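Source file: upload_0.cif; contents: mmCIF, C-alpha atoms.
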data_protein
loop_
_atom_site.group_PDB
_atom_site.id
_atom_site.type_symbol
_atom_site.label_atom_id
_atom_site.label_comp_id
_atom_site.auth_asym_id
_atom_site.auth_seq_id
_atom_site.Cartn_x
_atom_site.Cartn_y
_atom_site.Cartn_z
ATOM 1 C CA MET N 1193 -28.725 -120.771 -89.864
ATOM 2 C CA HIS N 1194 -32.405 -121.278 -90.211
ATOM 3 C CA ALA N 1195 -34.324 -118.466 -91.831
ATOM 4 C CA GLY N 1196 -36.711 -116.482 -89.695
ATOM 5 C CA LEU N 1197 -34.521 -117.124 -86.713
ATOM 6 C CA LYS N 1198 -35.372 -120.647 -85.835
ATOM 7 C CA ILE N 1199 -33.644 -121.526 -82.633
ATOM 8 C CA SER N 1200 -31.985 -124.884 -82.697
ATOM 9 C CA ALA N 1201 -31.786 -126.476 -79.311
ATOM 10 C CA PHE N 1202 -28.375 -127.614 -78.241
ATOM 11 C CA ALA N 1203 -29.450 -130.634 -76.266
ATOM 12 C CA ALA N 1204 -30.898 -132.418 -73.279
ATOM 13 C CA ALA N 1205 -31.593 -130.823 -69.911
ATOM 14 C CA LEU N 1206 -28.921 -129.578 -67.554
ATOM 15 C CA ALA N 1207 -26.834 -132.558 -66.602
ATOM 16 C CA ALA N 1208 -28.351 -134.035 -63.508
ATOM 17 C CA THR N 1209 -25.749 -134.157 -60.751
ATOM 18 C CA PHE N 1210 -22.354 -134.862 -62.105
ATOM 19 C CA GLY N 1211 -21.050 -136.185 -58.767
ATOM 20 C CA THR N 1212 -17.620 -135.243 -57.513
ATOM 21 C CA ALA N 1213 -15.797 -136.210 -60.688
ATOM 22 C CA TYR N 1214 -16.442 -136.626 -64.407
ATOM 23 C CA GLY N 1215 -15.414 -139.539 -66.630
ATOM 24 C CA VAL N 1216 -11.856 -139.855 -67.785
ATOM 25 C CA GLY N 1217 -10.618 -138.381 -71.051
ATOM 26 C CA ARG N 1218 -8.063 -136.020 -72.499
ATOM 27 C CA GLY N 1219 -8.836 -132.066 -73.288
ATOM 28 C CA ILE N 1220 -6.501 -123.943 -76.377
ATOM 29 C CA ASP N 1221 -8.752 -122.824 -78.540
ATOM 30 C CA PRO N 1222 -7.717 -119.822 -80.508
ATOM 31 C CA VAL N 1223 -10.759 -117.657 -80.336
ATOM 32 C CA VAL N 1224 -12.963 -117.140 -77.314
ATOM 33 C CA THR N 1225 -12.141 -116.047 -73.771
ATOM 34 C CA GLU N 1226 -13.814 -117.312 -70.608
ATOM 35 C CA SER N 1227 -17.048 -115.544 -69.831
ATOM 36 C CA ALA N 1228 -17.425 -116.069 -66.115
ATOM 37 C CA PRO N 1229 -19.340 -113.241 -64.395
ATOM 38 C CA ALA N 1230 -17.556 -110.166 -65.239
ATOM 39 C CA SER N 1231 -22.903 -114.981 -85.607
ATOM 40 C CA HIS N 1232 -25.021 -116.485 -90.141
ATOM 41 C CA GLY N 1233 -27.971 -114.940 -91.662
ATOM 42 C CA GLY N 1234 -30.110 -115.785 -94.632
ATOM 43 C CA HIS N 1235 -29.841 -119.580 -94.456
ATOM 44 C CA GLU N 1236 -32.411 -122.290 -94.328
ATOM 45 C CA GLY N 1237 -31.974 -124.803 -91.555
ATOM 46 C CA GLY N 1238 -31.408 -125.121 -87.834
ATOM 47 C CA GLY N 1239 -30.500 -122.498 -85.359
ATOM 48 C CA HIS N 1240 -29.712 -119.354 -87.357
ATOM 49 C CA GLU N 1241 -31.337 -116.103 -88.102
ATOM 50 C CA GLY N 1242 -30.511 -113.586 -90.766
ATOM 51 C CA GLY N 1243 -29.971 -110.035 -89.625
ATOM 52 C CA GLY N 1244 -33.179 -108.062 -89.783
ATOM 53 C CA GLU N 1245 -35.440 -110.931 -90.763
ATOM 54 C CA GLU N 1246 -38.851 -111.018 -89.143
ATOM 55 C CA ALA N 1247 -39.779 -114.234 -87.403
ATOM 56 C CA GLY N 1248 -43.368 -113.150 -86.782
ATOM 57 C CA HIS N 1249 -45.395 -114.654 -83.987
ATOM 58 C CA GLU N 1250 -45.373 -118.320 -84.949
ATOM 59 C CA GLU N 1251 -43.891 -120.882 -82.635
ATOM 60 C CA SER N 1252 -40.153 -121.225 -83.245
ATOM 61 C CA PRO N 1253 -39.365 -124.933 -83.655
ATOM 62 C CA ALA N 1254 -36.467 -126.320 -81.671
ATOM 63 C CA GLY N 1255 -33.763 -128.396 -83.297
ATOM 64 C CA GLY N 1256 -30.201 -129.291 -82.361
ATOM 65 C CA LEU N 1257 -31.274 -131.474 -79.462
ATOM 66 C CA GLN N 1258 -30.578 -134.316 -81.820
ATOM 67 C CA ILE N 1259 -27.311 -135.918 -82.775
ATOM 68 C CA SER N 1260 -28.952 -136.917 -86.088
ATOM 69 C CA GLU N 1261 -31.240 -134.858 -88.288
ATOM 70 C CA GLY N 1262 -32.105 -134.625 -91.966
ATOM 71 C CA GLY N 1263 -30.133 -137.752 -92.813
ATOM 72 C CA TYR N 1264 -26.905 -136.502 -91.178
ATOM 73 C CA THR N 1265 -25.253 -137.561 -87.920
ATOM 74 C CA LEU N 1266 -22.607 -135.947 -85.735
ATOM 75 C CA ASP N 1267 -20.003 -138.627 -84.988
ATOM 76 C CA LEU N 1268 -18.074 -137.237 -81.993
ATOM 77 C CA ARG N 1269 -14.909 -139.304 -81.744
ATOM 78 C CA THR N 1270 -13.655 -137.519 -78.617
ATOM 79 C CA PRO N 1271 -16.496 -137.967 -76.115
ATOM 80 C CA SER N 1272 -14.369 -137.017 -73.106
ATOM 81 C CA VAL N 1273 -11.369 -134.869 -72.184
ATOM 82 C CA THR N 1274 -9.538 -133.994 -68.978
ATOM 83 C CA ALA N 1275 -10.294 -130.558 -67.566
ATOM 84 C CA GLY N 1276 -7.346 -128.182 -67.838
ATOM 85 C CA GLN N 1277 -5.445 -130.347 -70.315
ATOM 86 C CA ARG N 1278 -5.054 -129.716 -74.013
ATOM 87 C CA ALA N 1279 -6.574 -132.395 -76.240
ATOM 88 C CA GLU N 1280 -7.562 -132.791 -79.860
ATOM 89 C CA LEU N 1281 -11.292 -132.774 -80.410
ATOM 90 C CA ARG N 1282 -12.163 -134.998 -83.386
ATOM 91 C CA PHE N 1283 -15.470 -135.619 -85.128
ATOM 92 C CA ALA N 1284 -17.092 -136.295 -88.492
ATOM 93 C CA ILE N 1285 -20.436 -135.580 -90.101
ATOM 94 C CA ARG N 1286 -21.907 -138.742 -91.620
ATOM 95 C CA ASP N 1287 -24.643 -139.023 -94.228
ATOM 96 C CA ALA N 1288 -27.503 -141.532 -94.259
ATOM 97 C CA ALA N 1289 -25.202 -144.182 -95.737
ATOM 98 C CA GLY N 1290 -22.659 -143.713 -92.941
ATOM 99 C CA ARG N 1291 -20.103 -141.970 -95.170
ATOM 100 C CA ALA N 1292 -18.136 -139.018 -93.832
ATOM 101 C CA VAL N 1293 -19.233 -135.790 -95.549
ATOM 102 C CA THR N 1294 -16.377 -134.073 -97.385
ATOM 103 C CA ALA N 1295 -18.206 -131.274 -99.256
ATOM 104 C CA TYR N 1296 -19.820 -128.299 -97.526
ATOM 105 C CA GLN N 1297 -21.176 -124.908 -98.449
ATOM 106 C CA ARG N 1298 -18.984 -122.085 -97.147
ATOM 107 C CA GLU N 1299 -20.924 -119.792 -94.850
ATOM 108 C CA HIS N 1300 -19.284 -116.693 -93.424
ATOM 109 C CA ASP N 1301 -15.847 -117.805 -94.590
ATOM 110 C CA LYS N 1302 -16.082 -121.305 -93.067
ATOM 111 C CA GLU N 1303 -17.436 -124.716 -94.046
ATOM 112 C CA LEU N 1304 -18.393 -125.523 -90.461
ATOM 113 C CA HIS N 1305 -18.763 -123.606 -87.215
ATOM 114 C CA LEU N 1306 -18.220 -125.459 -83.938
ATOM 115 C CA ILE N 1307 -19.607 -124.273 -80.603
ATOM 116 C CA VAL N 1308 -18.616 -125.820 -77.264
ATOM 117 C CA ALA N 1309 -20.491 -124.675 -74.165
ATOM 118 C CA SER N 1310 -20.668 -125.889 -70.588
ATOM 119 C CA ARG N 1311 -24.115 -126.764 -69.346
ATOM 120 C CA ASP N 1312 -23.901 -124.036 -66.703
ATOM 121 C CA LEU N 1313 -23.220 -121.555 -69.559
ATOM 122 C CA VAL N 1314 -20.072 -120.179 -67.937
ATOM 123 C CA THR N 1315 -17.588 -121.621 -70.452
ATOM 124 C CA TYR N 1316 -18.084 -120.899 -74.151
ATOM 125 C CA ARG N 1317 -16.006 -121.550 -77.257
ATOM 126 C CA HIS N 1318 -16.647 -120.603 -80.891
ATOM 127 C CA LEU N 1319 -14.191 -122.689 -82.897
ATOM 128 C CA HIS N 1320 -13.274 -123.398 -86.491
ATOM 129 C CA PRO N 1321 -11.781 -126.870 -86.865
ATOM 130 C CA THR N 1322 -9.762 -128.203 -89.784
ATOM 131 C CA ARG N 1323 -11.165 -130.880 -92.097
ATOM 132 C CA ALA N 1324 -8.984 -133.691 -93.396
ATOM 133 C CA ALA N 1325 -9.504 -135.200 -96.849
ATOM 134 C CA ASP N 1326 -11.352 -138.174 -95.337
ATOM 135 C CA GLY N 1327 -13.946 -135.869 -93.728
ATOM 136 C CA THR N 1328 -12.551 -135.943 -90.189
ATOM 137 C CA TRP N 1329 -12.634 -132.589 -88.419
ATOM 138 C CA SER N 1330 -10.183 -131.758 -85.604
ATOM 139 C CA ILE N 1331 -9.120 -128.876 -83.395
ATOM 140 C CA PRO N 1332 -7.103 -128.568 -80.156
ATOM 141 C CA VAL N 1333 -9.195 -127.587 -77.149
ATOM 142 C CA SER N 1334 -8.680 -127.058 -73.431
ATOM 143 C CA LEU N 1335 -11.703 -126.881 -71.149
ATOM 144 C CA PRO N 1336 -11.021 -125.160 -67.810
ATOM 145 C CA ARG N 1337 -13.466 -126.976 -65.538
ATOM 146 C CA ALA N 1338 -14.810 -130.476 -65.056
ATOM 147 C CA GLY N 1339 -18.422 -131.174 -65.904
ATOM 148 C CA GLY N 1340 -20.813 -131.586 -68.786
ATOM 149 C CA TYR N 1341 -20.408 -129.759 -72.093
ATOM 150 C CA ARG N 1342 -22.336 -129.689 -75.341
ATOM 151 C CA VAL N 1343 -20.645 -129.727 -78.757
ATOM 152 C CA PHE N 1344 -22.539 -128.224 -81.719
ATOM 153 C CA ALA N 1345 -21.658 -128.589 -85.364
ATOM 154 C CA ASP N 1346 -23.242 -125.878 -87.530
ATOM 155 C CA PHE N 1347 -23.016 -126.572 -91.269
ATOM 156 C CA THR N 1348 -24.749 -126.907 -94.642
ATOM 157 C CA PRO N 1349 -23.855 -129.851 -96.890
ATOM 158 C CA ALA N 1350 -22.832 -129.027 -100.461
ATOM 159 C CA LYS N 1351 -25.847 -130.798 -101.861
ATOM 160 C CA LYS N 1352 -28.590 -129.281 -103.976
ATOM 161 C CA GLY N 1353 -31.475 -128.245 -101.789
ATOM 162 C CA ALA N 1354 -29.591 -128.992 -98.547
ATOM 163 C CA GLU N 1355 -30.588 -126.979 -95.506
ATOM 164 C CA ASN N 1356 -28.417 -125.689 -92.717
ATOM 165 C CA LEU N 1357 -28.200 -128.058 -89.745
ATOM 166 C CA VAL N 1358 -27.038 -127.786 -86.158
ATOM 167 C CA LEU N 1359 -26.264 -131.176 -84.620
ATOM 168 C CA GLY N 1360 -25.292 -131.641 -80.974
ATOM 169 C CA ALA N 1361 -23.461 -134.208 -78.871
ATOM 170 C CA ASP N 1362 -22.433 -134.425 -75.223
ATOM 171 C CA LEU N 1363 -18.830 -134.007 -74.112
ATOM 172 C CA ALA N 1364 -17.517 -134.796 -70.616
ATOM 173 C CA ALA N 1365 -14.539 -133.111 -68.953
ATOM 174 C CA SER N 1366 -13.108 -135.227 -66.131
ATOM 175 C CA GLY N 1367 -11.912 -133.829 -62.821
ATOM 176 C CA ALA N 1368 -13.324 -132.471 -59.565
ATOM 177 C CA TYR N 1369 -16.680 -130.909 -60.373
ATOM 178 C CA ALA N 1370 -17.853 -127.661 -58.751
ATOM 179 C CA PRO N 1371 -21.189 -126.354 -60.068
ATOM 180 C CA GLN N 1372 -21.376 -122.688 -61.074
ATOM 181 C CA LYS N 1373 -24.404 -120.423 -60.866
ATOM 182 C CA LEU N 1374 -25.620 -118.639 -63.962
ATOM 183 C CA PRO N 1375 -24.502 -114.994 -63.753
ATOM 184 C CA ALA N 1376 -27.308 -112.579 -62.847
ATOM 185 C CA PRO N 1377 -28.984 -110.557 -65.613
ATOM 186 C CA SER N 1378 -27.026 -107.445 -66.521
ATOM 187 C CA GLY N 1379 -26.901 -104.963 -69.365
ATOM 188 C CA ILE N 1380 -23.136 -104.486 -69.078
ATOM 189 C CA ALA N 1381 -20.290 -106.893 -69.849
ATOM 190 C CA THR N 1382 -16.543 -106.267 -69.653
ATOM 191 C CA VAL N 1383 -13.745 -108.177 -71.357
ATOM 192 C CA ASP N 1384 -10.045 -107.271 -71.694
ATOM 193 C CA GLY N 1385 -10.695 -103.615 -70.913
ATOM 194 C CA TYR N 1386 -13.655 -103.327 -73.285
ATOM 195 C CA LYS N 1387 -17.124 -102.451 -72.048
ATOM 196 C CA VAL N 1388 -20.161 -103.667 -73.975
ATOM 197 C CA ALA N 1389 -23.598 -102.250 -73.163
ATOM 198 C CA LEU N 1390 -26.749 -104.129 -74.153
ATOM 199 C CA THR N 1391 -30.036 -102.410 -74.960
ATOM 200 C CA GLY N 1392 -33.122 -104.477 -75.753
ATOM 201 C CA GLY N 1393 -33.940 -108.083 -74.997
ATOM 202 C CA LEU N 1394 -35.478 -111.322 -76.216
ATOM 203 C CA THR N 1395 -39.226 -111.820 -76.602
ATOM 204 C CA ARG N 1396 -41.021 -115.131 -77.060
ATOM 205 C CA ASN N 1397 -42.027 -115.712 -80.697
ATOM 206 C CA THR N 1398 -41.560 -112.034 -81.558
ATOM 207 C CA ALA N 1399 -38.621 -110.510 -83.400
ATOM 208 C CA THR N 1400 -36.988 -107.795 -81.306
ATOM 209 C CA GLU N 1401 -33.888 -105.678 -81.711
ATOM 210 C CA LEU N 1402 -30.761 -106.089 -79.605
ATOM 211 C CA LYS N 1403 -28.245 -103.233 -79.669
ATOM 212 C CA LEU N 1404 -24.729 -103.613 -78.306
ATOM 213 C CA LYS N 1405 -22.330 -100.684 -77.907
ATOM 214 C CA VAL N 1406 -18.583 -101.315 -77.603
ATOM 215 C CA THR N 1407 -16.361 -98.840 -75.758
ATOM 216 C CA ARG N 1408 -12.825 -98.876 -74.327
ATOM 217 C CA ASP N 1409 -11.515 -96.487 -71.684
ATOM 218 C CA GLY N 1410 -14.780 -94.598 -71.948
ATOM 219 C CA ARG N 1411 -14.393 -93.999 -75.681
ATOM 220 C CA PRO N 1412 -16.548 -95.517 -78.440
ATOM 221 C CA VAL N 1413 -14.783 -98.150 -80.543
ATOM 222 C CA THR N 1414 -15.444 -97.109 -84.133
ATOM 223 C CA ASP N 1415 -12.933 -99.318 -85.942
ATOM 224 C CA LEU N 1416 -14.225 -102.821 -85.288
ATOM 225 C CA GLN N 1417 -12.893 -105.323 -87.817
ATOM 226 C CA PRO N 1418 -14.903 -107.867 -89.828
ATOM 227 C CA TYR N 1419 -14.871 -111.331 -88.294
ATOM 228 C CA LEU N 1420 -16.153 -114.181 -90.473
ATOM 229 C CA GLY N 1421 -17.669 -111.655 -92.839
ATOM 230 C CA ALA N 1422 -19.516 -109.558 -90.235
ATOM 231 C CA TYR N 1423 -18.786 -106.953 -87.570
ATOM 232 C CA GLY N 1424 -20.227 -109.170 -84.876
ATOM 233 C CA HIS N 1425 -21.716 -112.596 -84.208
ATOM 234 C CA LEU N 1426 -24.273 -113.267 -81.488
ATOM 235 C CA VAL N 1427 -25.069 -116.695 -80.022
ATOM 236 C CA ALA N 1428 -27.910 -117.180 -77.538
ATOM 237 C CA LEU N 1429 -28.225 -120.327 -75.404
ATOM 238 C CA ARG N 1430 -31.314 -121.073 -73.337
ATOM 239 C CA SER N 1431 -30.611 -122.075 -69.765
ATOM 240 C CA GLY N 1432 -31.842 -125.585 -68.990
ATOM 241 C CA ASP N 1433 -31.548 -127.266 -72.387
ATOM 242 C CA LEU N 1434 -29.105 -124.954 -74.182
ATOM 243 C CA ALA N 1435 -31.455 -124.118 -77.057
ATOM 244 C CA TYR N 1436 -29.226 -122.538 -79.685
ATOM 245 C CA LEU N 1437 -29.534 -119.370 -81.733
ATOM 246 C CA HIS N 1438 -26.840 -117.791 -83.940
ATOM 247 C CA VAL N 1439 -27.572 -114.293 -85.256
ATOM 248 C CA HIS N 1440 -25.700 -111.887 -87.502
ATOM 249 C CA PRO N 1441 -25.877 -108.097 -87.516
ATOM 250 C CA ASN N 1442 -28.728 -106.255 -89.166
ATOM 251 C CA ALA N 1443 -28.156 -104.690 -92.559
ATOM 252 C CA GLY N 1444 -26.368 -101.368 -92.252
ATOM 253 C CA THR N 1445 -24.422 -102.280 -89.132
ATOM 254 C CA GLY N 1446 -20.967 -100.754 -89.477
ATOM 255 C CA SER N 1447 -17.620 -100.821 -87.703
ATOM 256 C CA GLY N 1448 -18.962 -99.649 -84.374
ATOM 257 C CA PRO N 1449 -19.487 -98.662 -81.742
ATOM 258 C CA ASP N 1450 -23.040 -99.974 -82.179
ATOM 259 C CA ILE N 1451 -23.879 -103.475 -83.418
ATOM 260 C CA SER N 1452 -27.550 -104.258 -84.048
ATOM 261 C CA PHE N 1453 -29.217 -107.683 -84.209
ATOM 262 C CA THR N 1454 -32.788 -108.930 -84.583
ATOM 263 C CA ALA N 1455 -33.682 -112.111 -82.708
ATOM 264 C CA THR N 1456 -36.650 -114.161 -81.534
ATOM 265 C CA ALA N 1457 -36.801 -116.381 -78.452
ATOM 266 C CA PRO N 1458 -38.664 -119.706 -78.858
ATOM 267 C CA SER N 1459 -40.003 -119.535 -75.292
ATOM 268 C CA ASP N 1460 -39.951 -117.538 -72.106
ATOM 269 C CA GLY N 1461 -36.927 -118.263 -69.954
ATOM 270 C CA THR N 1462 -33.378 -117.263 -69.157
ATOM 271 C CA TYR N 1463 -30.795 -116.998 -71.932
ATOM 272 C CA ARG N 1464 -27.057 -116.433 -72.052
ATOM 273 C CA LEU N 1465 -25.876 -114.191 -74.909
ATOM 274 C CA PHE N 1466 -22.334 -114.349 -76.303
ATOM 275 C CA LEU N 1467 -21.156 -111.535 -78.589
ATOM 276 C CA ASP N 1468 -18.011 -112.148 -80.664
ATOM 277 C CA PHE N 1469 -16.338 -108.972 -81.924
ATOM 278 C CA LYS N 1470 -12.919 -108.270 -83.407
ATOM 279 C CA HIS N 1471 -10.679 -105.281 -82.684
ATOM 280 C CA GLU N 1472 -6.983 -104.716 -83.280
ATOM 281 C CA GLY N 1473 -6.639 -108.193 -84.716
ATOM 282 C CA GLN N 1474 -8.098 -110.094 -81.762
ATOM 283 C CA VAL N 1475 -11.526 -111.675 -81.284
ATOM 284 C CA ARG N 1476 -13.150 -111.174 -77.898
ATOM 285 C CA THR N 1477 -16.413 -112.387 -76.401
ATOM 286 C CA ALA N 1478 -18.772 -110.414 -74.171
ATOM 287 C CA ALA N 1479 -21.426 -112.424 -72.296
ATOM 288 C CA PHE N 1480 -24.815 -111.382 -70.905
ATOM 289 C CA THR N 1481 -27.668 -113.082 -69.064
ATOM 290 C CA VAL N 1482 -31.146 -111.963 -70.164
ATOM 291 C CA GLN N 1483 -34.684 -113.074 -69.393
ATOM 292 C CA THR N 1484 -37.863 -113.084 -71.451
ATOM 293 C CA GLY N 1485 -41.427 -112.607 -70.285
ATOM 294 C CA ALA N 1486 -41.881 -111.447 -66.703
ATOM 295 C CA GLY N 1487 -38.222 -112.115 -66.009
ATOM 296 C CA HIS N 1488 -37.225 -109.842 -68.901
ATOM 297 C CA GLU N 1489 -39.405 -107.017 -67.588
ATOM 298 C CA GLU N 1490 -37.727 -107.359 -64.197
ATOM 299 C CA ALA N 1491 -34.304 -107.301 -65.841
ATOM 300 C CA GLU N 1492 -35.211 -104.174 -67.768
ATOM 301 C CA GLY N 1493 -36.091 -102.372 -64.583
ATOM 302 C CA GLY N 1494 -33.026 -103.498 -62.697
ATOM 303 C CA HIS N 1495 -30.331 -103.625 -65.362
ATOM 304 C CA GLY N 1496 -31.155 -101.115 -68.040
ATOM 305 C CA HIS N 1497 -31.891 -103.593 -70.836
#

Would it be possible to restate this file's structure as structure tokens?
Amino acid sequence: MHAGLKISAFAAALAATFGTAYGVGRGIDPVVTESAPASHGGHEGGGHEGGGEEAGHEESPAGGLQISEGGYTLDLRTPSVTAGQRAELRFAIRDAAGRAVTAYQREHDKELHLIVASRDLVTYRHLHPTRAADGTWSIPVSLPRAGGYRVFADFTPAKKGAENLVLGADLAASGAYAPQKLPAPSGIATVDGYKVALTGGLTRNTATELKLKVTRDGRPVTDLQPYLGAYGHLVALRSGDLAYLHVHPNAGTGSGPDISFTATAPSDGTYRLFLDFKHEGQVRTAAFTVQTGAGHEEAEGGHGH
């Protein structure tokens, strides 16, 4: 959760042609729903922005493309799963001496946040694995479609002066692969009967406000529940390399219907936004496609951003 909203990049370019099938492996997570067409502020480190912080106009450095950074390495012990089958995803964070890290700072109620996203940005998971005493993290996961995925570990070691890091590694889901197109830009997302309207957008190297309004059956939802210490969490992934940004609500954001964020894009391009919100005891995810630069202006005219 880098201060000033530094976007950490998830990793490598969109997988070049998977072929008709993906490597063999084994592969529900408790939190996020599928987002086919229809959040940790105040930290130093990679890929996070505090609510309301100004990033200014300086270039936002990209991180997270690396499996190793700052003397720490993401050791993904489950590099492949089978699409549609439940599997246990296992990994460890290793220090410069190769030892598994067993002490972390708690951030928004968790020692580590795990994001799994498909490279076409259609499938998204925000997970919270369990850590064993030896430093091994694990969580059951089921990925619905074959293809390439990126796994991101978001954490801060419990070491004096340690900064937040986002490390990434590739994950393959075997099976017949059918590429999906990125959903078109839209200011409206629906999930489980909820409607979420987006106002605002992302601007390159400039902090801008994003407002999301949650309604159900035409009525504003005013009793959103805290999830991981906030009334909403927003993750943005850049199409092409999955550059990563995790943002938390601005100060003063309450229990709805409006949730406000401040974010900065590291470059012009197309981004997929995922909003986690909790209501009536269940976490749901609303997804949007937005564009910066000329593309953003076009989206504003056509989609009410």

Taking into account all atoms listed in the file, which residue in the set N:Ala1361, N:His1300, N:Asp1326, N:Arg1342 is nearest to Ser1260 of chain N?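 Among the listed residues, N:Ala1361 lies closest to Ser1260 of chain N.
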
Closest of N:Lys1373, N:Lys1302, N:His1440, N:His1471 to Arg1323 of chain N - atom-to-atom distances counting only C-alpha atoms: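 Answer, going by the shortest atom-to-atom distance: N:Lys1302.
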
Pick out the closest residue to Thr1270 of chain N from this set: N:Phe1453, N:Trp1329, N:Phe1469, N:Phe1347. Count all atoms listed in the file. N:Trp1329

Picked residues, the PyMOL selection byres ((chain N and resi 1462) around 6), expected as a list in words: Ser1431, Gly1461, Tyr1463, Val1482 and Gln1483 of chain N

So what does the PyMOL selection byres ((chain N and resi 1459) around 8) actually pick up in this one, as a VMD selection string? chain N and resid 1395 to 1397 1457 to 1458 1460 to 1461 1484

Expected answer as a VMD selection string: all residues with atoms within 9 Å of (-9.0, -126.9, -74.8), only C-alpha atoms: chain N and resid 1219 to 1221 1273 1275 to 1281 1331 to 1336

Name the residues captured by the PyMOL selection byres ((chain N and resi 1377) around 7) when it is applied to the shown file; answer as a list in words. Pro1375, Ala1376, Ser1378, Phe1480, Thr1481, Val1482 and Ala1491 of chain N

Can you pull out the residues contacting Lys1405 of chain N? Cut-off 10 Å, using all atoms listed in the file, and skip same-chain residues under 3 positions away; I want them as a PyMOL selection string. chain N and resi 1380+1387-1391+1412-1414+1448-1452

Taking 2 positions as the minimum chain separation for residues in the same chain, which residues sit within 12 Å of Val1475 of chain N when counting all atoms listed in the file? Answer as a ChimeraX atom specification. /N:1221-1225,1317-1319,1383-1384,1386,1416-1420,1423-1425,1467-1473,1477-1478

Report the distance between atom CA of Ala1364 of chain N and atom CA of Leu1434 of chain N in Å, rounded to one decimal place.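 Distance reported for this atom pair: 15.6 Å.
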
Quick one: pull the distance between atom CA of Ala1399 of chain N and atom CA of Gly1379 of chain N, Å, one decimal. 19.1 Å

Neighbour list for Arg1291 of chain N as number ranges by chain, cut-off 9 Å, all atoms listed in the file, skip fewer than 5 positions in-chain: N: 1285-1286, 1327

N:Arg1464, N:Thr1274, N:Thr1400, N:Gly1410 ranked by distance to Leu1426 of chain N, top pick (using only C-alpha atoms): N:Arg1464
